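Working notes, beginning with the structure itself.
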Amino acid sequence: MQIKEIQEKVRREEYEISFHAEKERYAEDITIHNIETAIQNGEILEDYSEDPRGPSCLVFGYSENRPIHIICGYTPIK
């Protein structure tokens with residue numbers, strides 16, 4: 001997956017946040033807006049296309065001068 005594809009899905013609000021991510025987000029006082037902003041100005045640091053739990057990637061970006069790492073899972077197009 002490319003960062004532009006992830007950014008477009010965020011712009012269209014075509015994403016879900018896992019229960020685990022919600023717990024982490026609350027624990028670290030990160031808002032949905034922070035996550036969306038970090039993705040919009042972010043980059044993919046690592047691709048985990050072969051992860052046994054499903055393909056994903058690590059996105060890194062900033063929101064309000066705060067560095068944020070986000071794991072984005074995705075369903076590959078066949």
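Chain labels run A, B, ... following the order of the structure tokens; each chain numbers its residues from 1, and ligands are numbered from 1 in the order shown.
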Q) If you count only C-alpha atoms, which residues fall within 6 Å of Asn34 (chain A), apart from same-chain ones fewer than 3 positions away, as number ranges by chain? A) A: 31, 37, 63
Q.
Could you list, as number ranges by chain, every residue within 8 Å of Gly54 (chain A), counting only C-alpha atoms and ignoring same-chain residues fewer than 6 positions away?
A. A: 73-75
Generate a file of the selected residues that holds N, CA and C atoms, formatted as a short mmCIF file (atom, residue, chain, number, x, y, z; two decimals), in the first residue's frame.
data_model
loop_
_atom_site.label_atom_id
_atom_site.label_comp_id
_atom_site.auth_asym_id
_atom_site.auth_seq_id
_atom_site.Cartn_x
_atom_site.Cartn_y
_atom_site.Cartn_z
N GLY A 73 -3.58 -1.37 9.06
CA GLY A 73 -3.85 -2.65 8.43
C GLY A 73 -4.65 -2.44 7.17
N TYR A 74 -4.53 -3.36 6.23
CA TYR A 74 -5.27 -3.21 4.98
C TYR A 74 -5.53 -4.56 4.33
N THR A 75 -6.53 -4.59 3.49
CA THR A 75 -6.85 -5.77 2.72
C THR A 75 -6.25 -5.58 1.33
#
Q: Could you give me the residues within chain A that DSSP places in strand (DSSP E or B), as a list in words?
A: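 After running DSSP on the backbone, chain A has strand (DSSP E or B) at Glu43, Ile44, Leu45, Glu46, Asp47, Tyr48, Ser56, Cys57, Leu58, Val59, Phe60, Gly61, Tyr62, Ser63, Arg66, Pro67, Ile68, His69, Ile70, Ile71, Cys72 and Gly73 of chain A.
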Q: Please report, as an MDAnalysis selection string, each residue of region 20-68 of chain A to which DSSP assigns alpha helix (DSSP H) when run on this structure's backbone.
A: chainID A and resid 20:27 32:40
Would you export the selected residues with C-alpha atoms as a PDB file, in the first residue's frame, please?
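File produced: again-v5.pdb:
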ATOM      1  CA  HIS A  20      -6.675  -2.078  20.847  1.00  0.00           C
ATOM      2  CA  ALA A  21      -5.903   1.193  19.040  1.00  0.00           C
ATOM      3  CA  GLU A  22      -8.702   2.946  20.934  1.00  0.00           C
ATOM      4  CA  LYS A  23      -7.240   1.826  24.271  1.00  0.00           C
ATOM      5  CA  GLU A  24      -3.766   3.018  23.245  1.00  0.00           C
ATOM      6  CA  ARG A  25      -5.154   6.300  21.939  1.00  0.00           C
ATOM      7  CA  TYR A  26      -6.909   7.082  25.222  1.00  0.00           C
ATOM      8  CA  ALA A  27      -3.894   6.032  27.292  1.00  0.00           C
ATOM      9  CA  ILE A  32      -8.814  11.085  16.166  1.00  0.00           C
ATOM     10  CA  HIS A  33      -7.831  14.446  14.689  1.00  0.00           C
ATOM     11  CA  ASN A  34      -4.214  13.840  15.780  1.00  0.00           C
ATOM     12  CA  ILE A  35      -4.196  10.465  14.034  1.00  0.00           C
ATOM     13  CA  GLU A  36      -5.732  11.841  10.848  1.00  0.00           C
ATOM     14  CA  THR A  37      -3.316  14.793  10.785  1.00  0.00           C
ATOM     15  CA  ALA A  38      -0.289  12.560  11.348  1.00  0.00           C
ATOM     16  CA  ILE A  39      -1.354  10.312   8.474  1.00  0.00           C
ATOM     17  CA  GLN A  40      -1.987  13.264   6.160  1.00  0.00           C
TER      18      GLN A  40
END
Q) When distances are computed from only C-alpha atoms, which of A:Glu43, A:Cys72, A:Gln2, A:Ile30 shows the smallest separation from Phe60 (chain A)? A)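 Checking each candidate against Phe60 (chain A), we get A:Glu43 as the closest.
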Compile the contact shell of Leu58 (chain A) as a PDB file with C-alpha atoms, in the first residue's frame: residues with an atom at most 9 Å away, counting only C-alpha atoms, same-chain residues fewer than 6 positions apart removed.
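The resulting file, around-v6.pdb, is reproduced below:
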ATOM      1  CA  GLU A  43       5.185   8.579   5.492  1.00  0.00           C
ATOM      2  CA  ILE A  44       5.376   4.807   5.548  1.00  0.00           C
ATOM      3  CA  LEU A  45       8.391   3.687   7.568  1.00  0.00           C
ATOM      4  CA  GLU A  46       7.909  -0.074   7.317  1.00  0.00           C
ATOM      5  CA  ASP A  47       5.726  -2.423   5.303  1.00  0.00           C
ATOM      6  CA  TYR A  48       4.473  -5.611   6.939  1.00  0.00           C
ATOM      7  CA  HIS A  69       3.308   6.225  14.902  1.00  0.00           C
ATOM      8  CA  ILE A  70       0.257   4.463  13.466  1.00  0.00           C
ATOM      9  CA  ILE A  71      -0.096   0.860  12.349  1.00  0.00           C
ATOM     10  CA  CYS A  72      -2.436   0.723   9.353  1.00  0.00           C
ATOM     11  CA  GLY A  73      -3.848  -2.651   8.433  1.00  0.00           C
TER      12      GLY A  73
END
**Q.** Å distance separating CA of Asn65 (chain A) from CA of Lys9 (chain A), one decimal place
**A.**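 Taking CA of Asn65 (chain A) as the start and CA of Lys9 (chain A) as the end point, the length is 23.1 Å.
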**Q.** Computed interatomic separation between CA of Ser18 (chain A) and CA of Ser56 (chain A) (Å)
**A.**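 Interatomic distance, CA of Ser18 (chain A) to CA of Ser56 (chain A): 13.1 Å.
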